[in-house]
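Undergrad: The following file, entry_32.txt, comprises compact mmCIF, C-alpha atoms:
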```txt
# COMPACT_ATOMS: atom_id res chain seq x y z
CA MET A 1 20.36 5.22 1.33
CA ASN A 2 20.78 4.48 -2.38
CA LYS A 3 17.91 5.16 -4.75
CA LEU A 4 16.59 1.87 -6.16
CA ASP A 5 14.75 1.00 -9.34
CA LEU A 6 11.15 0.26 -8.39
CA THR A 7 10.47 -2.04 -11.34
CA GLN A 8 13.61 -4.06 -10.64
CA LEU A 9 12.60 -4.43 -6.99
CA LEU A 10 9.24 -5.77 -8.05
CA LYS A 11 10.69 -8.09 -10.69
CA SER A 12 13.20 -9.54 -8.26
CA ASN A 13 10.63 -10.35 -5.57
CA PRO A 14 7.96 -12.93 -6.54
CA TYR A 15 5.91 -12.14 -3.45
CA PRO A 16 6.21 -8.72 -1.79
CA GLY A 17 2.58 -9.21 -0.76
CA ARG A 18 0.87 -5.83 -0.51
CA GLY A 19 2.81 -2.65 -1.19
CA ILE A 20 2.52 1.14 -0.85
CA VAL A 21 4.52 3.72 -2.81
CA LEU A 22 4.29 7.43 -1.94
CA GLY A 23 6.41 10.18 -3.47
CA ARG A 24 6.67 12.96 -6.04
CA SER A 25 6.73 12.92 -9.83
CA ALA A 26 9.92 13.61 -11.77
CA ASP A 27 8.75 17.10 -12.79
CA GLY A 28 7.90 17.92 -9.18
CA LYS A 29 4.34 18.89 -10.06
CA CYS A 30 2.46 15.87 -8.69
CA ALA A 31 2.25 13.83 -5.54
CA VAL A 32 2.26 10.11 -6.32
CA ALA A 33 0.46 7.27 -4.57
CA ALA A 34 0.38 3.60 -5.54
CA TYR A 35 -0.95 0.47 -3.88
CA PHE A 36 -0.98 -3.16 -5.03
CA ILE A 37 -2.17 -6.49 -3.71
CA MET A 38 -0.99 -10.00 -4.48
CA GLY A 39 -2.28 -13.43 -3.53
CA ARG A 40 -1.24 -17.08 -3.33
CA SER A 41 -4.57 -18.69 -2.37
CA GLU A 42 -7.70 -18.79 -4.52
CA ASN A 43 -9.49 -16.69 -1.92
CA SER A 44 -6.82 -13.96 -1.99
CA ARG A 45 -6.63 -13.94 -5.77
CA ASN A 46 -10.40 -13.69 -6.15
CA ARG A 47 -10.43 -9.90 -5.77
CA VAL A 48 -10.66 -6.67 -7.74
CA PHE A 49 -10.33 -2.98 -6.92
CA THR A 50 -13.49 -0.93 -7.43
CA VAL A 51 -13.94 2.85 -7.20
CA THR A 52 -15.88 4.39 -4.29
CA ASP A 53 -16.92 7.97 -3.56
CA ASP A 54 -13.79 8.59 -1.46
CA GLY A 55 -11.28 6.10 -2.86
CA ILE A 56 -11.32 2.39 -3.66
CA ARG A 57 -12.28 -0.89 -2.03
CA THR A 58 -11.59 -4.55 -2.62
CA GLU A 59 -14.43 -6.79 -3.77
CA ALA A 60 -14.78 -10.44 -4.69
CA HIS A 61 -14.42 -11.05 -8.41
CA ASP A 62 -16.62 -14.14 -8.04
CA PRO A 63 -18.69 -13.91 -4.83
CA SER A 64 -19.52 -17.63 -5.02
CA LYS A 65 -15.82 -18.45 -4.50
CA MET A 66 -15.27 -16.15 -1.51
CA THR A 67 -14.65 -18.35 1.54
CA ASP A 68 -13.45 -15.82 4.14
CA PRO A 69 -13.78 -12.05 3.63
CA SER A 70 -11.87 -11.12 6.80
CA LEU A 71 -8.52 -9.41 6.14
CA ILE A 72 -9.03 -9.29 2.37
CA ILE A 73 -12.15 -7.14 1.90
CA TYR A 74 -11.52 -3.53 2.96
CA HIS A 75 -11.00 0.05 1.73
CA PRO A 76 -7.31 0.41 0.79
CA VAL A 77 -7.68 4.08 -0.16
CA ARG A 78 -9.87 6.76 1.44
CA GLN A 79 -9.75 10.54 1.26
CA VAL A 80 -10.41 12.89 4.19
CA GLY A 81 -10.59 16.42 2.84
CA ASN A 82 -7.49 16.72 0.68
CA THR A 83 -5.57 14.09 2.64
CA LEU A 84 -5.18 10.60 1.19
CA ILE A 85 -5.00 7.47 3.35
CA VAL A 86 -3.53 4.27 1.86
CA THR A 87 -3.28 1.03 3.84
CA ASN A 88 -3.32 -2.74 3.44
CA GLY A 89 -6.32 -3.38 5.69
CA ASP A 90 -9.28 -2.04 7.59
CA GLN A 91 -6.97 0.31 9.48
CA THR A 92 -7.77 2.73 6.64
CA ASP A 93 -11.04 3.30 8.47
CA THR A 94 -9.22 3.56 11.82
CA VAL A 95 -7.02 6.36 10.47
CA ARG A 96 -9.94 8.10 8.76
CA ASP A 97 -12.06 8.04 11.91
CA GLY A 98 -9.10 9.20 13.96
CA LEU A 99 -8.38 12.17 11.70
CA LEU A 100 -12.04 13.20 11.77
CA ALA A 101 -11.91 13.05 15.57
CA GLY A 102 -8.80 15.28 15.71
CA LYS A 103 -6.28 12.50 16.29
CA THR A 104 -2.97 12.07 14.49
CA PHE A 105 -1.94 9.35 12.05
CA ALA A 106 0.32 7.79 14.69
CA SER A 107 -2.11 7.97 17.60
CA SER A 108 -4.83 6.38 15.46
CA LEU A 109 -2.57 3.47 14.54
CA HIS A 110 -1.49 2.91 18.12
CA THR A 111 -4.91 1.31 18.62
CA ARG A 112 -4.04 -1.39 16.06
CA GLU A 113 -1.41 -4.09 15.55
CA PHE A 114 -0.37 -6.70 12.94
CA GLU A 115 -2.95 -8.98 11.36
CA PRO A 116 -4.08 -12.07 13.34
CA ASP A 117 -3.10 -14.52 10.61
CA GLY A 118 -0.50 -16.65 12.40
CA PRO A 119 2.07 -17.90 11.70
CA ASN A 120 2.61 -15.05 9.19
CA TYR A 121 1.25 -12.24 11.38
CA THR A 122 1.16 -10.02 8.32
CA PRO A 123 2.32 -6.46 9.07
CA ARG A 124 -0.14 -3.60 8.75
CA ILE A 125 1.38 -1.00 6.44
CA SER A 126 -0.16 2.46 6.18
CA GLY A 127 0.49 5.77 4.44
CA LEU A 128 -0.81 9.33 4.75
CA LEU A 129 -0.33 11.75 1.85
CA SER A 130 -0.91 15.44 2.67
CA PRO A 131 -2.05 18.14 0.20
CA ASP A 132 1.44 19.71 0.12
CA GLY A 133 2.97 16.40 -0.98
CA SER A 134 4.56 15.52 2.36
CA PHE A 135 3.77 12.04 3.59
CA LYS A 136 4.05 9.52 6.38
CA LEU A 137 4.46 5.75 6.36
CA SER A 138 4.00 3.18 9.10
CA ILE A 139 4.43 -0.53 9.69
CA LEU A 140 3.04 -2.49 12.64
CA LYS A 141 4.68 -5.90 12.88
CA SER A 142 5.20 -8.79 15.28
CA ALA A 143 8.49 -9.30 17.07
CA ASP A 144 10.08 -11.76 14.62
CA GLY A 145 6.86 -13.78 14.49
CA ASP A 146 6.13 -13.60 18.22
CA PRO A 147 2.56 -12.27 18.53
CA SER A 148 3.03 -11.28 22.17
CA CYS A 149 4.87 -8.11 21.09
CA CYS A 150 4.01 -5.50 18.45
CA HIS A 151 6.75 -3.29 16.99
CA ARG A 152 5.48 0.05 15.66
CA TYR A 153 7.53 2.10 13.20
CA PHE A 154 6.64 5.53 11.81
CA PHE A 155 8.46 7.47 9.08
CA THR A 156 7.87 11.11 8.09
CA TYR A 157 8.94 12.75 4.82
CA ASP A 158 8.37 16.52 5.02
CA HIS A 159 9.97 17.64 1.76
CA PRO A 160 9.88 14.79 -0.79
CA LEU A 161 12.34 15.19 -3.64
CA SER A 162 11.16 15.22 -7.24
CA GLY A 163 11.44 11.91 -9.02
CA GLU A 164 11.59 9.69 -5.97
CA GLY A 165 9.37 7.91 -3.51
CA ARG A 166 9.37 5.45 -0.65
CA PHE A 167 8.22 1.86 -1.01
CA ILE A 168 7.05 -0.32 1.86
CA HIS A 169 5.58 -3.81 1.50
CA THR A 170 4.40 -6.57 3.76
CA TYR A 171 6.91 -9.34 2.94
CA MET A 172 10.59 -9.57 2.07
CA GLY A 173 9.72 -12.44 -0.27
CA ASP A 174 7.98 -15.80 -0.44
CA GLY A 175 8.34 -18.38 2.33
CA SER A 176 6.60 -20.30 5.08
CA PRO A 177 5.97 -18.42 7.23
CA LEU A 178 6.20 -15.32 5.09
CA PRO A 179 9.11 -13.08 6.20
CA SER A 180 7.92 -9.61 7.28
CA PHE A 181 9.34 -6.45 5.75
CA GLU A 182 12.46 -5.14 7.52
CA GLY A 183 14.18 -1.78 7.73
CA GLU A 184 13.25 1.66 6.42
CA PRO A 185 10.89 2.09 3.47
CA GLU A 186 12.95 1.67 0.32
CA ARG A 187 13.97 4.81 -1.59
CA VAL A 188 12.88 4.35 -5.21
CA THR A 189 12.99 6.27 -8.47
CA LEU A 190 9.69 7.63 -9.82
CA ASP A 191 10.42 8.58 -13.42
CA ALA A 192 7.03 7.83 -14.99
CA PRO A 193 5.43 11.03 -16.39
CA ASP A 194 1.87 10.12 -15.44
CA ALA A 195 -0.33 7.64 -13.61
CA ALA A 196 -0.88 5.41 -16.62
CA SER A 197 2.84 5.09 -17.28
CA LEU A 198 3.64 4.21 -13.66
CA ALA A 199 0.77 1.72 -13.62
CA ASP A 200 2.15 0.06 -16.74
CA GLN A 201 5.66 -0.12 -15.23
CA MET A 202 4.49 -1.61 -11.95
CA TRP A 203 1.88 -3.99 -13.39
CA ASP A 204 4.34 -5.43 -15.90
CA ALA A 205 6.97 -5.89 -13.16
CA LEU A 206 4.73 -7.70 -10.66
CA ASP A 207 4.83 -11.51 -10.69
CA PRO A 208 2.20 -12.61 -13.26
CA ASP A 209 0.95 -15.53 -11.15
CA ASN A 210 0.63 -13.65 -7.87
CA LYS A 211 -0.44 -10.13 -8.84
CA VAL A 212 -4.10 -9.28 -8.24
CA SER A 213 -4.80 -5.52 -8.41
CA LEU A 214 -3.01 -2.17 -8.63
CA PHE A 215 -4.01 1.45 -7.94
CA VAL A 216 -1.99 4.52 -9.00
CA ARG A 217 -2.89 8.18 -8.48
CA TYR A 218 -1.09 11.39 -9.53
CA ILE A 219 -2.27 14.52 -7.68
CA ASP A 220 -1.51 18.00 -9.03
CA LEU A 221 0.06 19.87 -6.11
CA LYS A 222 -1.25 23.24 -7.29
CA THR A 223 -4.85 22.39 -8.15
CA GLY A 224 -5.47 19.24 -6.11
CA GLU A 225 -6.92 17.56 -9.18
CA HIS A 226 -5.91 13.97 -9.78
CA THR A 227 -5.76 11.23 -12.36
CA GLN A 228 -5.83 7.60 -11.34
CA VAL A 229 -5.51 4.17 -12.91
CA ILE A 230 -6.69 0.78 -11.68
CA ARG A 231 -5.42 -2.54 -12.99
CA ASN A 232 -7.21 -5.78 -12.11
CA LYS A 233 -6.10 -9.25 -13.15
CA PHE A 234 -9.74 -10.29 -13.45
```
What's the structure tokens form of this structure?
TA:
Amino acid sequence: MNKLDLTQLLKSNPYPGRGIVLGRSADGKCAVAAYFIMGRSENSRNRVFTVTDDGIRTEAHDPSKMTDPSLIIYHPVRQVGNTLIVTNGDQTDTVRDGLLAGKTFASSLHTREFEPDGPNYTPRISGLLSPDGSFKLSILKSADGDPSCCHRYFFTYDHPLSGEGRFIHTYMGDGSPLPSFEGEPERVTLDAPDAASLADQMWDALDPDNKVSLFVRYIDLKTGEHTQVIRNKF
């Protein structure tokens, strides 16, 4: 699989939807995690990321304009010990509760499926970043838009290479219905030296009309300390 330019991928796709990037910094010293959300409707765009004790959550920018909080208000990022969970929905809590109960990432997600938002049936994408920098990604999606069948895919990266990551997102692009992501998570270059630089690269590359919020974290693999950046359109 060829290594792709993350910013070019984002620039070339006006609507990847929600996306997760996990990987390792170019100097090999940090694990990297990024998550972004986009929106086409006023309800979806009316959101911001806010910091919580164990990660971040989505909140309404203007509560008076929130018409339906289901599927758009959740905790995208939560930490369990030194393990980081990143997802595009409330399955973050499913994975967290599963890990605390001694279950695995995969077994926890086998209790869930794609979102009930027909005809799109938005895939649930999830990531698990371990303290040693290894990570897992998953996507739960309908069978080509048929909600009677859920396809579950899991990917494990035991020894991530410096300067690269894997990128998975909900949609291949804009459309009606929205076309679900296909194939393996994309192999992308991570050449930004720190969280702020990667946040700048990604935020500038996302479609200006559709982008809503972005989270980036760099975690020192020796100390476990991290720096993070949040970008909100509002």
Undergrad: Neighbours of range 100-111 of chain A within 10 Å (all atoms listed in the file; same-chain residues fewer than 6 positions away dropped), as a tab-separated table (two decimals) with C-alpha atoms, in the coordinates of the input?
TA:
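As a result, result01.tsv now contains:
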```tsv
chain	number	residue	atom	x	y	z
A	80	VAL	CA	-10.41	12.89	4.19
A	81	GLY	CA	-10.59	16.42	2.84
A	85	ILE	CA	-5.00	7.47	3.35
A	91	GLN	CA	-6.97	0.31	9.48
A	92	THR	CA	-7.77	2.73	6.64
A	93	ASP	CA	-11.04	3.30	8.47
A	94	THR	CA	-9.22	3.56	11.82
A	124	ARG	CA	-0.14	-3.60	8.75
A	126	SER	CA	-0.16	2.46	6.18
A	127	GLY	CA	0.49	5.77	4.44
A	128	LEU	CA	-0.81	9.33	4.75
A	136	LYS	CA	4.05	9.52	6.38
A	137	LEU	CA	4.46	5.75	6.36
A	138	SER	CA	4.00	3.18	9.10
A	139	ILE	CA	4.43	-0.53	9.69
A	140	LEU	CA	3.04	-2.49	12.64
A	152	ARG	CA	5.48	0.05	15.66
A	153	TYR	CA	7.53	2.10	13.20
A	154	PHE	CA	6.64	5.53	11.81
A	155	PHE	CA	8.46	7.47	9.08
```
Undergrad: So, counting all atoms listed in the file, which residue among A:Arg112, A:Asp117, A:Pro16, A:Arg45 is closest to Glu182 in chain A?
TA: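 Using all atoms listed in the file, the shortest distance to Glu182 in chain A belongs to A:Pro16.
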Undergrad: Mind checking which residues fall within 9 Å of Arg78 in chain A, counting all atoms listed in the file, ignoring those fewer than 5 positions away in the same chain, and posting them as a list in words?
TA: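 The residues that qualify are Thr52, Asp53, Asp54, Gly55, Ile56, Arg57, Thr83, Leu84, Ile85, Val86, Thr92, Asp93 and Arg96 of chain A.
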Undergrad: So what do you get for CA of Gly175 in chain A versus CA of Ala60 in chain A, distance-wise?
TA: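 CA of Ala60 in chain A lies 25.4 Å from CA of Gly175 in chain A.
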Undergrad: A:Ser41, A:Ser162, A:Ser176, A:Ser213: which is nearest Val188 in chain A, counting only C-alpha atoms?
TA: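 Between A:Ser41, A:Ser162, A:Ser176, A:Ser213, the residue approaching Val188 in chain A most closely is A:Ser162.
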Undergrad: Tell me, counting all atoms listed in the file, for each residue of range 82-190 of chain A within 10 Å of range 215-232 of chain A, which pair of atoms is nearest and how far apart they are in Å to one decimal, in rows ordered by chain and increasing number, as CSV.
TA:
```
residue,atom,partner,partner_atom,distance
A:Asn82,CA,A:Gly224,CA,7.5
A:Ser130,CA,A:Leu221,CA,9.9
A:Pro131,CA,A:Leu221,CA,6.9
A:Asp132,CA,A:Leu221,CA,6.4
A:Gly133,CA,A:Leu221,CA,6.8
```
Undergrad: Please provide the set of residues having any atom within 7 Å of Asp191 in chain A, restricted to all atoms listed in the file, with same-chain residues fewer than 4 positions apart removed, written as a VMD selection string.
TA: chain A and resid 25 to 26 163
Undergrad: Can you tell me, as a tab-separated table (two decimals) with C-alpha atoms, in the frame of the given file, which residues sit within 9 Å of (6.9, 8.5, -6.4) in the file's frame, using only C-alpha atoms?
TA:
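Writing done, so here's point.tsv:
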```tsv
chain	number	residue	atom	x	y	z
A	21	VAL	CA	4.52	3.72	-2.81
A	22	LEU	CA	4.29	7.43	-1.94
A	23	GLY	CA	6.41	10.18	-3.47
A	24	ARG	CA	6.67	12.96	-6.04
A	25	SER	CA	6.73	12.92	-9.83
A	26	ALA	CA	9.92	13.61	-11.77
A	30	CYS	CA	2.46	15.87	-8.69
A	31	ALA	CA	2.25	13.83	-5.54
A	32	VAL	CA	2.26	10.11	-6.32
A	33	ALA	CA	0.46	7.27	-4.57
A	34	ALA	CA	0.38	3.60	-5.54
A	160	PRO	CA	9.88	14.79	-0.79
A	162	SER	CA	11.16	15.22	-7.24
A	163	GLY	CA	11.44	11.91	-9.02
A	164	GLU	CA	11.59	9.69	-5.97
A	165	GLY	CA	9.37	7.91	-3.51
A	166	ARG	CA	9.37	5.45	-0.65
A	167	PHE	CA	8.22	1.86	-1.01
A	188	VAL	CA	12.88	4.35	-5.21
A	189	THR	CA	12.99	6.27	-8.47
A	190	LEU	CA	9.69	7.63	-9.82
A	191	ASP	CA	10.42	8.58	-13.42
A	192	ALA	CA	7.03	7.83	-14.99
```
Undergrad: I need the residue nearest Tyr74 in chain A from this list: A:Leu206, A:Leu129, A:Leu99, A:Ile37. Use all atoms listed in the file for the distance.
TA: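 Checking each candidate against Tyr74 in chain A, we get A:Ile37 as the closest.
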Undergrad: Record the distance separating CA of Ser134 in chain A and CA of His159 in chain A, expressed in Å with one decimal.
TA: 5.8 Å
Undergrad: Could you check the closest approach to Leu6 in chain A for each of A:Glu59, A:Glu186, A:Leu161, A:Phe114 and tell me which residue wins, using all atoms listed in the file?
TA: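 Ranked by minimum distance to Leu6 in chain A, first place goes to A:Glu186.
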Undergrad: Which of these, A:Leu4, A:Ile72, A:Val48, A:Met66, has the shortest distance to Leu214 in chain A once you count all atoms listed in the file?
TA: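 Checking each of A:Leu4, A:Ile72, A:Val48, A:Met66 against Leu214 in chain A, counting all atoms listed in the file, the winner is A:Val48.
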Undergrad: Complete range 25-61 of chain A with N, CA and C atoms (output as an mmCIF file, keeping the file's coordinate frame).
TA:
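So the final result, stored in result24.cif, reads:
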```cif
data_model
loop_
_atom_site.group_PDB
_atom_site.id
_atom_site.type_symbol
_atom_site.label_atom_id
_atom_site.label_comp_id
_atom_site.auth_asym_id
_atom_site.auth_seq_id
_atom_site.Cartn_x
_atom_site.Cartn_y
_atom_site.Cartn_z
ATOM 1 N N SER A 25 6.416 13.160 -8.427
ATOM 2 C CA SER A 25 6.730 12.920 -9.830
ATOM 3 C C SER A 25 8.063 13.572 -10.215
ATOM 4 N N ALA A 26 8.606 13.127 -11.336
ATOM 5 C CA ALA A 26 9.920 13.610 -11.770
ATOM 6 C C ALA A 26 9.926 15.107 -12.046
ATOM 7 N N ASP A 27 8.801 15.671 -12.520
ATOM 8 C CA ASP A 27 8.750 17.100 -12.790
ATOM 9 C C ASP A 27 8.405 17.917 -11.546
ATOM 10 N N GLY A 28 8.175 17.240 -10.428
ATOM 11 C CA GLY A 28 7.900 17.920 -9.180
ATOM 12 C C GLY A 28 6.497 18.472 -9.052
ATOM 13 N N LYS A 29 5.662 18.258 -10.053
ATOM 14 C CA LYS A 29 4.340 18.890 -10.060
ATOM 15 C C LYS A 29 3.255 18.060 -9.383
ATOM 16 N N CYS A 30 3.508 16.753 -9.209
ATOM 17 C CA CYS A 30 2.460 15.870 -8.690
ATOM 18 C C CYS A 30 2.936 15.041 -7.516
ATOM 19 N N ALA A 31 2.046 14.855 -6.563
ATOM 20 C CA ALA A 31 2.250 13.830 -5.540
ATOM 21 C C ALA A 31 1.821 12.504 -6.141
ATOM 22 N N VAL A 32 2.493 11.427 -5.745
ATOM 23 C CA VAL A 32 2.260 10.110 -6.320
ATOM 24 C C VAL A 32 1.874 9.125 -5.223
ATOM 25 N N ALA A 33 0.848 8.337 -5.492
ATOM 26 C CA ALA A 33 0.460 7.270 -4.570
ATOM 27 C C ALA A 33 0.162 6.013 -5.375
ATOM 28 N N ALA A 34 0.651 4.880 -4.892
ATOM 29 C CA ALA A 34 0.380 3.600 -5.540
ATOM 30 C C ALA A 34 0.174 2.530 -4.474
ATOM 31 N N TYR A 35 -0.704 1.588 -4.791
ATOM 32 C CA TYR A 35 -0.950 0.470 -3.880
ATOM 33 C C TYR A 35 -1.274 -0.767 -4.698
ATOM 34 N N PHE A 36 -0.675 -1.917 -4.323
ATOM 35 C CA PHE A 36 -0.980 -3.160 -5.030
ATOM 36 C C PHE A 36 -1.220 -4.277 -4.028
ATOM 37 N N ILE A 37 -1.960 -5.279 -4.498
ATOM 38 C CA ILE A 37 -2.170 -6.490 -3.710
ATOM 39 C C ILE A 37 -1.789 -7.697 -4.554
ATOM 40 N N MET A 38 -1.330 -8.743 -3.844
ATOM 41 C CA MET A 38 -0.990 -10.000 -4.480
ATOM 42 C C MET A 38 -1.672 -11.118 -3.690
ATOM 43 N N GLY A 39 -1.652 -12.324 -4.222
ATOM 44 C CA GLY A 39 -2.280 -13.430 -3.530
ATOM 45 C C GLY A 39 -1.704 -14.769 -3.961
ATOM 46 N N ARG A 40 -1.679 -15.715 -3.009
ATOM 47 C CA ARG A 40 -1.240 -17.080 -3.330
ATOM 48 C C ARG A 40 -2.411 -18.052 -3.311
ATOM 49 N N SER A 41 -3.402 -17.795 -2.464
ATOM 50 C CA SER A 41 -4.570 -18.690 -2.370
ATOM 51 C C SER A 41 -5.659 -18.231 -3.337
ATOM 52 N N GLU A 42 -6.580 -19.140 -3.647
ATOM 53 C CA GLU A 42 -7.700 -18.790 -4.520
ATOM 54 C C GLU A 42 -8.531 -17.668 -3.916
ATOM 55 N N ASN A 43 -8.689 -17.701 -2.588
ATOM 56 C CA ASN A 43 -9.490 -16.690 -1.920
ATOM 57 C C ASN A 43 -8.843 -15.302 -2.046
ATOM 58 N N SER A 44 -7.529 -15.239 -1.885
ATOM 59 C CA SER A 44 -6.820 -13.960 -1.990
ATOM 60 C C SER A 44 -6.795 -13.448 -3.426
ATOM 61 N N ARG A 45 -6.702 -14.353 -4.372
ATOM 62 C CA ARG A 45 -6.630 -13.940 -5.770
ATOM 63 C C ARG A 45 -7.988 -13.552 -6.345
ATOM 64 N N ASN A 46 -9.043 -13.934 -5.663
ATOM 65 C CA ASN A 46 -10.400 -13.690 -6.150
ATOM 66 C C ASN A 46 -10.872 -12.286 -5.747
ATOM 67 N N ARG A 47 -10.093 -11.267 -6.156
ATOM 68 C CA ARG A 47 -10.430 -9.900 -5.770
ATOM 69 C C ARG A 47 -10.180 -8.920 -6.905
ATOM 70 N N VAL A 48 -10.873 -7.797 -6.829
ATOM 71 C CA VAL A 48 -10.660 -6.670 -7.740
ATOM 72 C C VAL A 48 -10.751 -5.380 -6.928
ATOM 73 N N PHE A 49 -10.145 -4.321 -7.458
ATOM 74 C CA PHE A 49 -10.330 -2.980 -6.920
ATOM 75 C C PHE A 49 -11.517 -2.340 -7.620
ATOM 76 N N THR A 50 -12.390 -1.705 -6.859
ATOM 77 C CA THR A 50 -13.490 -0.930 -7.430
ATOM 78 C C THR A 50 -13.464 0.479 -6.839
ATOM 79 N N VAL A 51 -13.962 1.448 -7.614
ATOM 80 C CA VAL A 51 -13.940 2.850 -7.200
ATOM 81 C C VAL A 51 -15.116 3.149 -6.273
ATOM 82 N N THR A 52 -14.844 3.919 -5.204
ATOM 83 C CA THR A 52 -15.880 4.390 -4.290
ATOM 84 C C THR A 52 -15.890 5.921 -4.324
ATOM 85 N N ASP A 53 -16.810 6.514 -3.573
ATOM 86 C CA ASP A 53 -16.920 7.970 -3.560
ATOM 87 C C ASP A 53 -15.656 8.643 -3.024
ATOM 88 N N ASP A 54 -14.958 7.962 -2.087
ATOM 89 C CA ASP A 54 -13.790 8.590 -1.460
ATOM 90 C C ASP A 54 -12.509 7.810 -1.669
ATOM 91 N N GLY A 55 -12.499 6.862 -2.610
ATOM 92 C CA GLY A 55 -11.280 6.100 -2.860
ATOM 93 C C GLY A 55 -11.535 4.818 -3.610
ATOM 94 N N ILE A 56 -11.069 3.699 -3.053
ATOM 95 C CA ILE A 56 -11.320 2.390 -3.660
ATOM 96 C C ILE A 56 -11.578 1.370 -2.562
ATOM 97 N N ARG A 57 -12.115 0.230 -2.944
ATOM 98 C CA ARG A 57 -12.280 -0.890 -2.030
ATOM 99 C C ARG A 57 -11.989 -2.190 -2.778
ATOM 100 N N THR A 58 -11.727 -3.234 -2.026
ATOM 101 C CA THR A 58 -11.590 -4.550 -2.620
ATOM 102 C C THR A 58 -12.949 -5.238 -2.635
ATOM 103 N N GLU A 59 -13.199 -6.006 -3.664
ATOM 104 C CA GLU A 59 -14.430 -6.790 -3.770
ATOM 105 C C GLU A 59 -14.092 -8.152 -4.356
ATOM 106 N N ALA A 60 -14.959 -9.106 -4.107
ATOM 107 C CA ALA A 60 -14.780 -10.440 -4.690
ATOM 108 C C ALA A 60 -15.061 -10.377 -6.189
ATOM 109 N N HIS A 61 -14.157 -10.934 -6.973
ATOM 110 C CA HIS A 61 -14.420 -11.050 -8.410
ATOM 111 C C HIS A 61 -15.563 -12.008 -8.661
#
```
